[in-house]
Amino acid sequence: MFLYLIKRIAGVVVVLWAVITITFLLMHAIPGGPFTAEKKLPPAVLANVEERYHLNDPLLTQYGDYLEHAAVLDLGPSFKYPGQTVNDIIAESMPVSAQLGLISFCLALSVGVTAGVLAAWRKNSCLDYSLMLVATLGVSVPSFIIAAILIQLFAFTWPVLPAAMWKGPAYAVLPALALAAHPTAFIMRLTRSSILDTLSQDYIKTARSRGVSTRSLLCHHALRNALLPVVSYLGPLAASLLTGSFIVESIFAIPGLGQHFVTSIYNRDYTVILGITIFYSFLIIFLNLLIDLIYPLLDPRISLKTERKG
Amino acid sequence: MATLLDVQNLSISFRTYRGILAATHDVTLHVDAGETVGIVGESGCGKSVTAHAVMRLLPAATTIYSSGTITWDGEAIQGYTEKEMNHLRGREMAMVFQDPMTALNPVLSIGSQIREGLTLHQHLSRSDADQEAAALLREVGITSPERRLHQYPHELSGGMRQRCLIAMALACSPRLLFADEPTTALDVTTEAQVLQLLRSLQAERQMAVVLISHNLGVIAQMCRRVYVMYAGCVVEEGPVEAIFDEPAHPYTQGLLASLPDPAHKDKILTGIAGQAPDLFHMPTGCRFYPRCRQAMQICKRQVPPYYTTGTGHRAACWLLCPEREECAWH
Amino acid sequence: MDSRDFAPLRPQDREAIYVPPQKLRERGWRQMKKNRLALWGLAIVIVMTVIALFGPLFSSYSYADQDLSMANAWPSAAHWFGTDSLGRDLLVRVLYGARVSLSIGFAASLINLFIGVLYGGFAALAGGKTDRIMMHIVDVLYSIPMLLYVILLMVVFKPGLLNIYLALGISYWLNMARIVRGQILSLKEQDYVMAARSYGASTWQILWRHMIPNCVGPIIVTLTLSIPDAIFTEAFLSFIGLGVSAPMASWGVLTSEGINSMRSFPFQLIFPAAALCLTMLGFMFLGDGLRDALDPQNQKEAG
C-alpha cells in the first residue's frame, strides 16, 4: 500500500515534469519568442518579464529556472497587466470557478446516475426512450448553444433568473445547468449501458435464482459493479467541466478563472496562458491520483499493491 | 412418492435478430421429492433452458412460452408474479450454475452473498446469518469458513467457488436443487469431489436434485432416472439402468456407443454422424432422422409419439411402433 | 399407416439440411438495418457530406462576398438564411462551413487513425518492455487534459485550417492507440491465432488474415465517434477565438458569431447551430448503431 503510494506519487512527479517541459518547449517554439513578437510592451512589464525569464541566458539555464519556479507553482508575472502575477489572478478568480465547478460536478453525477438507472430499469419503455433522446441531444449540442438557449428561455422570454454575473445563488443556476448538461448526458448513457451490461452477467442470474427482488438486484448487486466505469469517468469529468468553464464563464460573464483564461488567449497574454495551463494540469493530475486511490475501495479485484490496468 | 415438480408439454422459443429460435418442444418431465433425476444431451439441446424456465430465469423480454404447464407441489406456477416467484426461488428451489468463475458477484464478499438468501427468506439477523453461513461453508467442505466469509470470489479457486455456490444454493434448505452442469468447468479431480459432495448433501437433506450434464458417466453414477434430450425434445426417459442396458432410441444408442470403455479396448467408438440441427431450421418429423441410420419414410413426415419399451422406459421413435412389426409380417 | 411408411429412408430422400453460414459482416449489416436510428444517422452524415462537397457550387454568392447594404437581412427569397453583420449570405456560409467543419472532423480522425493504429499496433506486437514503456507514455499523456494543449498549440501557431487539422490530429490519437493495442493483445491470446502459429503461418499472414479483420470493427466505431469530437473541439476553439481565420467560416465560427447577435438576429444563430447539432446527432446515432452491430461483445446475444 505504502509502496504503491510512493510509486504513484513518483509517477505524478514525472507527469508534472512532462507538463512543464511541454509548456516550456511550446513557449519557445513561438517564432521570435513570445516576448519580442507583436507590439511593444510597456517598459514596466518588460522589466518584470526580463527579470523573471532571463531571456538572454542559454536555453538550458532558462529551462532550469522555469522548472524551479513551476515546481513550487510560482507562475510569474502577467504579460499584459503590469504588477499582477499569475498567482494573483488564480487566487482571485479560482474560488468562483471552484464553486461553479463543484455545483456542476454534483449536478452531473447525481442527475446522470439517477436518470441512467431509471432508463436501464425501465428498459425499452417510454421513459427510457425519452431519457435517452434527451441524453443523445445533450451530447450532440455544444455547451455554448445550450447556454444561449437557457439564457433566451429563462432570462429573456421568461425572466426568472439572472443571465450574467456572479452575485448569489440564483446567479449559479443557469451557468451550472449549461456546464453540467454535456457531462450529465454522458454519465446518463454510460450508467445505462453499464447497468444493462451488468444485468446480463451470470452472477445476476445467480442472485435471481436465490429469490433476490428486482429492486435489491439493481441496488445491491448491479449498481456497484455498474458504477465502476462512472468512477473511472470522474477524471475526464473534471477535465470536461474545466474546459467547459471557459465557455460558460465567458457567456455568463462570470469572473472566474475560465473567463480569465479566454481573455488572456484573446490578448495573447502568454505568461497567463502558460501559468493557467500548468495550474489546470496540476489540478487534473491530482484529481486523477485521488480517484485512483479511491478505486480499489469499490472494486476488490484491484488491490493497491498492483497497478490498475487500462 | 409425491411429485414435486411436474412439467407438461413445455415449448419455449426466443426472439433473436435472426428470427424465432425454438429452444424446447413439448418437454414433459417430473421430479419426485428426494430423488435425483438426470437430464442429458449435447450442448444446445434445451436441457438448461428447461431448468431455467422452471425457475423463470430466462430473459423475460425475449422469451416466449408457447405452450405447456409447470406445476410445483400441485400448484401451477406459470401465472405467478415475479414477487411470488422470488418466494419460491432460493427457498423452495435453487440452482448451481455451470461456470463458478462468472456466477459470483466479483465486488461482494462470499459472506455477504451467502447471507443474502438467509436474511431474505429466513429473516435472520446479521450475526445469526454469519454463523449460519459459516456452518454452510463447513458443510460443503471449505476449511476455515470464518475467514472465507470475508474473502472475495477472485481470491478462491474454481473448485472452492463451486462449493461456495452450492453453499449459497443450500442456504435455505430448498426441496429441489438444479445442478446445471456443475462440474463442466472444473478439473477431473475437483469434479469428483464436487459430485461426491452433491451426492452426500442430497442424501443428508433429502432434497431432490436435477442434474444437468452432457456426461453420461456422471449421470449414470448419480441418478435414478434420466431424461435424454435432443434438439429441444425429450427423446427417451426412464430408469438409468434400463436406458443404459437397453437404449431404445437411436440417439441414445449413439451416445452410449461414443462412450469410451476401458474394459473393452477393442470397442469401436462410433459417435453419431452429422451434427445437431440448427435451431432456426428444424427438420420436419422426427428431429433426429437426418442423422439416424435406421431412418424410415415416416420419420421424415411425422413426429413420433412415446412408446413404452419392454424394460419399462419410454422413447419417442417410430422403430418402436407396434404397427411396424405388423407391417413387417405382411 | 402402411408398410411403405416403415421402408428405410433412401439417401436421396434425406433432404440436405444446409444452412448457409452467416458472415460476420452481413450479420453486422443486418443488425444495422434493423436499427432505424443508425440508418437515419448514416443518411444525415451522407447528406451533409454531399452538401458540403457540392452545396456551395449552386449558390450565386461566395462565402466572402460582402454587401454592407444588405447587412443583417432577415431570411428572404434572395437570402434564404438571411445575411450576417457584413452582409454575407448565411446560406452559402453555412454550406461552406459544412465543408470546413466536416473536413476537420475527417482529417483529424484520419490522422488519429494513422498515429493510433501505428502506435498501438507496434506496442502490442512488440510486447514486453517496449509495450510497457509505450503504454506508460500514453497513460501519462492521458492524465493531462489534452484540450489545454490543443489551445496552447493553437496559440503558438497561427490559427488556420491546416494547423487545426494537425493540432487535433496529434492530440487525440491516445484512445485509438489504446483500443488497437487492447484488441491486438486479446487477439494474440486467441486460440485461432495460436492455431495459425502452430501450423506455421508467418507473422504477416497472421496479421493480414486474423488480426486486421478482427480489429476493423472497434476501429471503425472509434473513428466514427471521434469525428463529432473533432468537430466539437473545433467549435470550441472557434468560440475562444482560435478557430479558422476570417473570412473563412466553420460552423463553430458561425455559431459563436450568432451568439453575439442572438437577441436581435436569432436566425444568425439558429441556422448554423441547427446544422451543427443535426450533424452531431447523425454521427452519434451512426456511431452507436455501429457499436451495437460491430462490437464482438454484442454478437453472442445474436448467436
# chains A, B, ... in the order shown; residues from 1 in each chain; ligands from 1
>>> interface_residues(of="chain B", to="chain A", cutoff="10 Å", atoms="only C-alpha atoms", output="PyMOL selection string")
chain B and resi 52+55-59+61+82-109+113-114+116-118+120-121+151-155+165+168-172
>>> write_last_selection(atoms="C-alpha atoms", output="CSV table (one decimal), in the first residue's frame")
chain,number,residue,atom,x,y,z
B,52,HIS,CA,-34.0,-22.0,-16.3
B,55,MET,CA,-37.1,-21.1,-12.2
B,56,ARG,CA,-38.1,-18.3,-14.6
B,57,LEU,CA,-34.5,-17.1,-15.1
B,58,LEU,CA,-34.8,-16.6,-18.8
B,59,PRO,CA,-34.7,-13.0,-20.1
B,61,ALA,CA,-38.3,-9.7,-22.9
B,82,GLU,CA,-42.2,-12.0,-10.1
B,83,LYS,CA,-42.7,-11.5,-6.3
B,84,GLU,CA,-44.3,-14.9,-5.9
B,85,MET,CA,-41.5,-16.5,-7.9
B,86,ASN,CA,-39.0,-14.8,-5.6
B,87,HIS,CA,-40.7,-16.5,-2.8
B,88,LEU,CA,-40.1,-19.9,-4.4
B,89,ARG,CA,-36.6,-19.2,-5.7
B,90,GLY,CA,-33.9,-19.8,-3.2
B,91,ARG,CA,-36.3,-21.1,-0.6
B,92,GLU,CA,-38.1,-24.0,-2.4
B,93,MET,CA,-35.8,-24.5,-5.4
B,94,ALA,CA,-32.3,-23.4,-6.0
B,95,MET,CA,-29.7,-23.7,-8.7
B,96,VAL,CA,-26.0,-24.3,-9.0
B,97,PHE,CA,-24.5,-22.9,-12.2
B,98,GLN,CA,-22.1,-24.1,-14.7
B,99,ASP,CA,-19.3,-21.6,-14.5
B,100,PRO,CA,-18.2,-20.7,-11.0
B,101,MET,CA,-15.9,-18.1,-12.4
B,102,THR,CA,-18.7,-15.8,-13.5
B,103,ALA,CA,-21.6,-16.9,-11.3
B,104,LEU,CA,-20.3,-15.0,-8.2
B,105,ASN,CA,-20.5,-11.2,-8.0
B,106,PRO,CA,-16.9,-10.0,-8.0
B,107,VAL,CA,-17.4,-7.0,-5.9
B,108,LEU,CA,-19.3,-8.6,-3.0
B,109,SER,CA,-17.7,-10.8,-0.4
B,113,GLN,CA,-23.6,-13.3,-1.0
B,114,ILE,CA,-24.5,-16.3,1.2
B,116,GLU,CA,-28.4,-12.6,1.3
B,117,GLY,CA,-30.6,-15.6,0.9
B,118,LEU,CA,-30.7,-16.2,4.7
B,120,LEU,CA,-34.2,-12.6,2.7
B,121,HIS,CA,-36.1,-15.9,3.3
B,151,GLN,CA,-12.9,-13.0,1.1
B,152,TYR,CA,-13.9,-12.1,-2.5
B,153,PRO,CA,-14.5,-14.5,-5.3
B,154,HIS,CA,-11.3,-13.8,-7.2
B,155,GLU,CA,-9.3,-15.0,-4.1
B,165,LEU,CA,-22.2,-21.6,-4.9
B,168,MET,CA,-25.4,-20.5,-1.4
B,169,ALA,CA,-27.9,-22.6,-3.1
B,170,LEU,CA,-28.4,-24.8,0.0
B,171,ALA,CA,-28.7,-21.8,2.4
B,172,CYS,CA,-32.5,-22.0,2.8
>>> interface_residues(of="chain C", to="chain A", cutoff="10 Å", atoms="only C-alpha atoms", output="VMD selection string")
chain C and resid 135 to 137 139 to 149 151 to 158 178 to 179 182 228 to 229 232 to 233 235 to 237 239 to 242 252 255 to 256 258 to 260 262 to 263 269 to 270 273 to 274 276 to 285 297
>>> closest_atom_pairs(of="chain B", to="chain C", cutoff="7 Å", atoms="only C-alpha atoms", output="tab-separated table")
residue	atom	partner	partner_atom	distance
B:Thr16	CA	C:Ala302	CA	6.0
B:Tyr17	CA	C:Ala302	CA	5.7
B:Pro290	CA	C:Arg14	CA	6.5
B:Gln294	CA	C:Pro8	CA	6.8
B:Ala295	CA	C:Leu9	CA	5.5
B:Met296	CA	C:Pro8	CA	4.2
B:Gln297	CA	C:Asp5	CA	5.0
B:Ile298	CA	C:Asp5	CA	4.7
B:Arg324	CA	C:Phe6	CA	6.4
B:Cys327	CA	C:Ser3	CA	5.0
>>> write_last_selection(atoms="N, CA and C atoms", output="PDB file, in the first residue's frame")
ATOM      1  N   THR B  16     -34.868 -13.540 -31.562  1.00  0.00           N
ATOM      2  CA  THR B  16     -33.489 -13.099 -31.778  1.00  0.00           C
ATOM      3  C   THR B  16     -33.448 -12.259 -33.036  1.00  0.00           C
ATOM      4  N   TYR B  17     -32.258 -11.743 -33.321  1.00  0.00           N
ATOM      5  CA  TYR B  17     -32.102 -10.935 -34.527  1.00  0.00           C
ATOM      6  C   TYR B  17     -32.397 -11.746 -35.787  1.00  0.00           C
ATOM      7  N   PRO B 290     -32.361 -36.922 -39.773  1.00  0.00           N
ATOM      8  CA  PRO B 290     -31.251 -36.713 -40.717  1.00  0.00           C
ATOM      9  C   PRO B 290     -29.964 -37.414 -40.308  1.00  0.00           C
ATOM     10  N   GLN B 294     -31.190 -45.673 -39.050  1.00  0.00           N
ATOM     11  CA  GLN B 294     -32.327 -46.555 -39.262  1.00  0.00           C
ATOM     12  C   GLN B 294     -33.569 -45.778 -39.675  1.00  0.00           C
ATOM     13  N   ALA B 295     -33.358 -44.555 -40.196  1.00  0.00           N
ATOM     14  CA  ALA B 295     -34.499 -43.703 -40.511  1.00  0.00           C
ATOM     15  C   ALA B 295     -35.403 -44.354 -41.543  1.00  0.00           C
ATOM     16  N   MET B 296     -36.712 -44.105 -41.386  1.00  0.00           N
ATOM     17  CA  MET B 296     -37.706 -44.677 -42.302  1.00  0.00           C
ATOM     18  C   MET B 296     -38.472 -43.532 -42.946  1.00  0.00           C
ATOM     19  N   GLN B 297     -39.307 -43.892 -43.928  1.00  0.00           N
ATOM     20  CA  GLN B 297     -40.073 -42.868 -44.642  1.00  0.00           C
ATOM     21  C   GLN B 297     -40.892 -42.015 -43.674  1.00  0.00           C
ATOM     22  N   ILE B 298     -41.513 -42.660 -42.704  1.00  0.00           N
ATOM     23  CA  ILE B 298     -42.429 -41.950 -41.821  1.00  0.00           C
ATOM     24  C   ILE B 298     -41.701 -40.956 -40.917  1.00  0.00           C
ATOM     25  N   ARG B 324     -45.300 -51.354 -36.948  1.00  0.00           N
ATOM     26  CA  ARG B 324     -44.159 -51.642 -37.812  1.00  0.00           C
ATOM     27  C   ARG B 324     -43.926 -53.159 -37.872  1.00  0.00           C
ATOM     28  N   CYS B 327     -46.568 -54.599 -40.090  1.00  0.00           N
ATOM     29  CA  CYS B 327     -46.275 -54.367 -41.490  1.00  0.00           C
ATOM     30  C   CYS B 327     -45.198 -55.328 -41.967  1.00  0.00           C
TER      31      CYS B 327
END
>>> atom_distance(atom1="CA of Pro162 in chain A", atom2="CA of His260 in chain A")
21.0 Å
>>> atom_distance(atom1="CA of Arg205 in chain B", atom2="CA of Phe178 in chain B")
14.5 Å
>>> atom_distance(atom1="CA of Leu73 in chain A", atom2="CA of Leu60 in chain A")
19.7 Å
>>> select_by_dssp(residues="range 165-217 of chain A", states="alpha helix (DSSP H)", output="VMD selection string")
chain A and resid 169 to 199 202 to 209 214 to 216
